[in-house]
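**Q** Please find one structure pasted underneath; my questions will follow.
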Amino acid sequence: MSRTSAEIATQPACWRRAAEAAASFEGLPQPGERVAVTGCGTSWFMAMAYAALREAAGQGETDAFAASEFPAGRAYDRVVAITRSGTTTEVLELLAGLRGEVPTLALTADPRTPVMAAADAVAVLDWADEESVVQTRFATTALAFLRAGLGAVPGVKTIAEAAVDAELALTEPLPEAVLAAEQWTFLGRGWAYGLALEAGLKMREAAGAWTESYPALEYRHGPIAITAPGRVTWIFGPVPEGLAADVSRVGGTLEANHVDPLADLIRAQRLAVTLAEAKGYDPDRPRNLTRSVILG
């Protein structure tokens, strides 16, 4: 078993621990604050998901940006940065620029890194750290931590319920049509769109797969052109009316599951590892990638 597979399997326990940690943590965004959430790569996609969840919870305007694209001069009450390594150049430079101007919170897996001094508050999720270059459990645990801090979100399961779904997602066989496909398009609405982006990234990182990701209702506005027999359209969360018929009409395979979207992401992670191993790739050490991007 690869390290990535072993780390994927620990996610239900990590999420439960994250929910417990969030209940007593000081430094989370407060209701009514205008908040920006940032990160790079996978962390940026988790930031997008949290921003949509926080607004859905009615807790205030929340934006998400890649750290390299953070809008200078825009006013926020708090900025949240997600960085597994705690060493990512763009995140550290952003936090340094915000020092003394706006309260900042960082989520990291490593308490021995520069981010500990760069942010005003730090949530150390070291139990979710990873040996694999490809992020799986840290990213979802960071989102579970932030999501738990929101309390009840209309139409969204609790972390305890999501963890139960995750246990199912770890054991349920992946459909043969999904495993045998040549191309995968991931879709989502609201907070699940960030997860669709992350699913596509995992497939490209680990397996070098041909994937695309879009907001679910944008699928008809061009992306459906790529759908054909032997290609999968995978949606996180509820299926919009008419979408299943559209996929069927052009010969594609629709993959939709009724588990929590964060748990469904585990299924996409498993798919990425399975495809990587079938190609003879090392899912723990994908080509061209490093654990942290540090710019010289």
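FYI, nothing fancy with the structure tokens labels: chains A, B, ... in order, residues from 1 per chain, ligands from 1 as they appear.
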Taking only C-alpha atoms into account, produce a table as CSV in which each residue of region 197-265 of chain A with an atom at most 9 Å from an atom of region 166-176 of chain A appears once, together with its shortest atom pair and the distance in Å to one decimal, ordered by chain and rising number.
**A**
residue,atom,partner,partner_atom,distance
A:Glu255,CA,A:Pro175,CA,8.7
A:Val259,CA,A:Ala166,CA,7.9
A:Asp260,CA,A:Ala166,CA,7.9
A:Leu262,CA,A:Ala166,CA,7.8
A:Ala263,CA,A:Ala166,CA,4.4
A:Asp264,CA,A:Ala169,CA,6.5
A:Leu265,CA,A:Ala169,CA,8.6
**Q** List as an mmCIF file with N, CA and C atoms, in the first residue's frame the protein and nucleic acid residues near Leu201 (chain A), meaning an atom at most 10 Å away when only C-alpha atoms are counted, but skip any in the same chain fewer than 4 places from it.
**A**
data_model
loop_
_atom_site.group_PDB
_atom_site.id
_atom_site.type_symbol
_atom_site.label_atom_id
_atom_site.label_comp_id
_atom_site.auth_asym_id
_atom_site.auth_seq_id
_atom_site.Cartn_x
_atom_site.Cartn_y
_atom_site.Cartn_z
ATOM 1 N N GLY A 41 -2.662 26.052 -4.599
ATOM 2 C CA GLY A 41 -2.993 24.703 -5.049
ATOM 3 C C GLY A 41 -4.179 24.137 -4.305
ATOM 4 N N THR A 42 -4.000 22.945 -3.748
ATOM 5 C CA THR A 42 -5.065 22.282 -3.003
ATOM 6 C C THR A 42 -5.618 23.174 -1.893
ATOM 7 N N PHE A 45 -8.187 25.549 -3.108
ATOM 8 C CA PHE A 45 -9.495 24.937 -3.370
ATOM 9 C C PHE A 45 -10.265 24.710 -2.064
ATOM 10 N N VAL A 134 1.547 14.472 -2.519
ATOM 11 C CA VAL A 134 0.156 14.771 -2.870
ATOM 12 C C VAL A 134 -0.670 14.942 -1.610
ATOM 13 N N LEU A 195 -14.367 21.447 -4.246
ATOM 14 C CA LEU A 195 -14.011 20.028 -4.183
ATOM 15 C C LEU A 195 -13.874 19.436 -5.586
ATOM 16 N N ALA A 196 -14.696 19.912 -6.519
ATOM 17 C CA ALA A 196 -14.570 19.451 -7.905
ATOM 18 C C ALA A 196 -13.218 19.857 -8.489
ATOM 19 N N LEU A 197 -12.789 21.077 -8.189
ATOM 20 C CA LEU A 197 -11.475 21.518 -8.638
ATOM 21 C C LEU A 197 -10.372 20.649 -8.027
ATOM 22 N N GLU A 205 -2.296 15.279 -10.662
ATOM 23 C CA GLU A 205 -1.052 15.142 -9.904
ATOM 24 C C GLU A 205 -0.606 13.683 -9.796
ATOM 25 N N ALA A 206 -1.493 12.845 -9.319
ATOM 26 C CA ALA A 206 -1.116 11.466 -9.003
ATOM 27 C C ALA A 206 -1.051 10.577 -10.233
ATOM 28 N N ALA A 207 -1.992 10.771 -11.167
ATOM 29 C CA ALA A 207 -2.132 9.817 -12.265
ATOM 30 C C ALA A 207 -1.879 10.414 -13.649
ATOM 31 N N GLY A 208 -1.594 11.709 -13.724
ATOM 32 C CA GLY A 208 -1.400 12.318 -15.029
ATOM 33 C C GLY A 208 -2.629 12.206 -15.906
ATOM 34 N N ALA A 209 -3.800 12.230 -15.277
ATOM 35 C CA ALA A 209 -5.053 11.977 -15.996
ATOM 36 C C ALA A 209 -5.593 13.243 -16.661
ATOM 37 N N TRP A 210 -6.402 13.034 -17.674
ATOM 38 C CA TRP A 210 -7.064 14.126 -18.388
ATOM 39 C C TRP A 210 -8.353 14.451 -17.641
ATOM 40 N N THR A 211 -8.352 15.545 -16.920
ATOM 41 C CA THR A 211 -9.520 15.934 -16.140
ATOM 42 C C THR A 211 -9.812 17.418 -16.324
ATOM 43 N N GLU A 212 -11.074 17.760 -16.120
ATOM 44 C CA GLU A 212 -11.510 19.151 -16.128
ATOM 45 C C GLU A 212 -12.505 19.336 -14.991
ATOM 46 N N SER A 213 -12.677 20.590 -14.549
ATOM 47 C CA SER A 213 -13.593 20.871 -13.439
ATOM 48 C C SER A 213 -14.332 22.177 -13.709
ATOM 49 N N GLN A 269 -10.008 10.615 -4.642
ATOM 50 C CA GLN A 269 -8.622 10.367 -4.224
ATOM 51 C C GLN A 269 -8.237 8.910 -4.464
ATOM 52 N N ALA A 272 -7.658 8.295 -8.105
ATOM 53 C CA ALA A 272 -6.375 8.825 -8.567
ATOM 54 C C ALA A 272 -5.239 7.863 -8.234
#
**Q** Taking only region 90-160 of chain A into account, list the residues labelled alpha helix (DSSP H) by DSSP (computed from the backbone), as a VMD selection string.
**A** chain A and resid 90 to 98 115 to 118 137 to 148 159 to 160
**Q** Store the residues of this selection in a file with C-alpha atoms, as a PDB file, in the first residue's frame.
**A**
ATOM      1  CA  GLU A  90       3.437  33.258  -1.546  1.00  0.00           C
ATOM      2  CA  VAL A  91       1.587  32.598   1.713  1.00  0.00           C
ATOM      3  CA  LEU A  92       4.435  33.811   3.917  1.00  0.00           C
ATOM      4  CA  GLU A  93       4.887  36.965   1.856  1.00  0.00           C
ATOM      5  CA  LEU A  94       1.173  37.697   2.047  1.00  0.00           C
ATOM      6  CA  LEU A  95       1.053  37.221   5.822  1.00  0.00           C
ATOM      7  CA  ALA A  96       4.104  39.459   6.236  1.00  0.00           C
ATOM      8  CA  GLY A  97       2.390  42.190   4.263  1.00  0.00           C
ATOM      9  CA  LEU A  98      -0.729  41.945   6.411  1.00  0.00           C
ATOM     10  CA  VAL A 115       4.273  30.344   9.438  1.00  0.00           C
ATOM     11  CA  MET A 116       4.179  30.011  13.226  1.00  0.00           C
ATOM     12  CA  ALA A 117       5.652  33.508  13.545  1.00  0.00           C
ATOM     13  CA  ALA A 118       4.029  34.936  10.424  1.00  0.00           C
ATOM     14  CA  ARG A 137      -5.921  14.192   4.534  1.00  0.00           C
ATOM     15  CA  PHE A 138      -4.392  17.524   5.588  1.00  0.00           C
ATOM     16  CA  ALA A 139      -6.488  19.452   3.095  1.00  0.00           C
ATOM     17  CA  THR A 140      -9.761  17.774   4.014  1.00  0.00           C
ATOM     18  CA  THR A 141      -8.949  18.001   7.732  1.00  0.00           C
ATOM     19  CA  ALA A 142      -8.280  21.728   7.417  1.00  0.00           C
ATOM     20  CA  LEU A 143     -11.648  22.158   5.742  1.00  0.00           C
ATOM     21  CA  ALA A 144     -13.316  19.971   8.381  1.00  0.00           C
ATOM     22  CA  PHE A 145     -11.774  22.165  11.113  1.00  0.00           C
ATOM     23  CA  LEU A 146     -13.026  25.384   9.543  1.00  0.00           C
ATOM     24  CA  ARG A 147     -16.387  23.841   8.664  1.00  0.00           C
ATOM     25  CA  ALA A 148     -16.912  22.617  12.226  1.00  0.00           C
ATOM     26  CA  ILE A 159     -18.667  16.686  10.477  1.00  0.00           C
ATOM     27  CA  ALA A 160     -19.750  13.647  12.483  1.00  0.00           C
TER      28      ALA A 160
END
**Q** Give me, as a PyMOL selection string, all polymer residues having an atom no more than 9 Å from Ile82 (chain A), counting only C-alpha atoms and skipping those fewer than 4 positions away in the same chain.
**A** chain A and resi 37-40+43-44+46-47+86+91+105-108+139+142
**Q** Tell me, which residues of region 32-152 of chain A carry DSSP strand (DSSP E or B), written as a list of chain:residue names?
**A** A:Val35, A:Ala36, A:Val37, A:Thr38, A:Gly39, A:Thr62, A:Asp63, A:Ala64, A:Phe65, A:Ala66, A:Arg78, A:Val79, A:Val80, A:Ala81, A:Ile82, A:Thr104, A:Leu105, A:Ala106, A:Leu107, A:Thr108, A:Ala121, A:Val122, A:Ala123, A:Val124
**Q** So how many Å separate CA of Val102 (chain A) and CA of Arg34 (chain A), to one decimal?
**A** 11.0 Å
**Q** Write out as a PyMOL selection string each polymer residue whose atoms come within 6 Å of Ala49 (chain A), counting only C-alpha atoms; drop sequence neighbours fewer than 3 positions from it.
**A** chain A and resi 46+52+191+194
**Q** Could you save the residues just selected, with all heavy atoms, as a short mmCIF file (atom, residue, chain, number, x, y, z; two decimals), in the first residue's frame?
**A**
data_model
loop_
_atom_site.label_atom_id
_atom_site.label_comp_id
_atom_site.auth_asym_id
_atom_site.auth_seq_id
_atom_site.Cartn_x
_atom_site.Cartn_y
_atom_site.Cartn_z
N MET A 46 -9.55 24.35 -0.99
CA MET A 46 -10.21 24.23 0.31
C MET A 46 -10.69 25.60 0.79
O MET A 46 -11.76 25.72 1.41
CB MET A 46 -9.27 23.61 1.33
CG MET A 46 -8.82 22.19 1.02
SD MET A 46 -10.18 20.99 0.88
CE MET A 46 -10.23 20.78 -0.93
N ALA A 52 -17.49 29.52 0.56
CA ALA A 52 -18.88 29.30 0.18
C ALA A 52 -19.70 28.77 1.36
O ALA A 52 -20.86 29.16 1.55
CB ALA A 52 -18.95 28.32 -0.99
N TRP A 191 -20.23 25.26 -2.30
CA TRP A 191 -18.95 24.83 -1.71
C TRP A 191 -18.37 23.61 -2.37
O TRP A 191 -17.16 23.39 -2.35
CB TRP A 191 -19.12 24.62 -0.22
CG TRP A 191 -19.88 23.40 0.20
CD1 TRP A 191 -21.24 23.24 0.20
CD2 TRP A 191 -19.33 22.19 0.72
NE1 TRP A 191 -21.57 21.98 0.68
CE2 TRP A 191 -20.43 21.32 1.01
CE3 TRP A 191 -18.04 21.75 0.99
CZ2 TRP A 191 -20.25 20.04 1.54
CZ3 TRP A 191 -17.86 20.48 1.51
CH2 TRP A 191 -18.96 19.64 1.78
N GLY A 194 -15.35 23.88 -5.14
CA GLY A 194 -13.95 23.79 -4.73
C GLY A 194 -13.48 22.35 -4.67
O GLY A 194 -12.33 22.04 -5.01
#
**Q** Here is a test: counting only C-alpha atoms, which residue of A:Arg16, A:Arg189, A:Arg220, A:Lys157 is nearest to Ala128 (chain A)?
**A** A:Arg16
**Q** Using only C-alpha atoms, find the one residue out of A:Pro29, A:Ala23, A:Tyr281, A:Ala36 that sits nearest to Pro71 (chain A).
**A** A:Ala36
**Q** As an exercise, work out the distance from CA of Glu218 (chain A) to CA of Ala51 (chain A) in Å and give it to one decimal place.
**A**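 These atoms are spaced 19.8 Å apart.
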**Q** When distances are computed from only C-alpha atoms, which of A:Ile8, A:Val250, A:Ala181, A:Val273 shows the smallest separation from Glu130 (chain A)?
**A**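 So, comparing all the options, the nearest one is A:Ile8.
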**Q** Given only C-alpha atoms, how would the per-residue table for region 111-197 of chain A near region 221-232 of chain A read, listing every residue at most 12 Å away with its closest atom pair and distance in Å to one decimal, sorted by chain and number, as JSON lines?
**A**
{"residue": "A:Pro175", "atom": "CA", "partner": "A:Val232", "partner_atom": "CA", "distance": 10.9}
{"residue": "A:Glu176", "atom": "CA", "partner": "A:Gly230", "partner_atom": "CA", "distance": 11.0}
{"residue": "A:Ala177", "atom": "CA", "partner": "A:Gly230", "partner_atom": "CA", "distance": 7.5}
{"residue": "A:Val178", "atom": "CA", "partner": "A:Val232", "partner_atom": "CA", "distance": 6.5}
{"residue": "A:Leu179", "atom": "CA", "partner": "A:Val232", "partner_atom": "CA", "distance": 9.6}
{"residue": "A:Ala180", "atom": "CA", "partner": "A:Gly230", "partner_atom": "CA", "distance": 7.4}
{"residue": "A:Ala181", "atom": "CA", "partner": "A:Gly230", "partner_atom": "CA", "distance": 4.9}
{"residue": "A:Glu182", "atom": "CA", "partner": "A:Arg231", "partner_atom": "CA", "distance": 5.8}
{"residue": "A:Gln183", "atom": "CA", "partner": "A:Arg231", "partner_atom": "CA", "distance": 4.9}
{"residue": "A:Trp184", "atom": "CA", "partner": "A:Val232", "partner_atom": "CA", "distance": 4.7}
{"residue": "A:Thr185", "atom": "CA", "partner": "A:Val232", "partner_atom": "CA", "distance": 6.2}
{"residue": "A:Phe186", "atom": "CA", "partner": "A:Val232", "partner_atom": "CA", "distance": 8.4}
{"residue": "A:Leu187", "atom": "CA", "partner": "A:Pro223", "partner_atom": "CA", "distance": 10.4}
**Q** In Å, with one decimal, what is the gap from CA of Ser2 (chain A) to CA of Ser132 (chain A)?
**A**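 So the answer is 8.8 Å.
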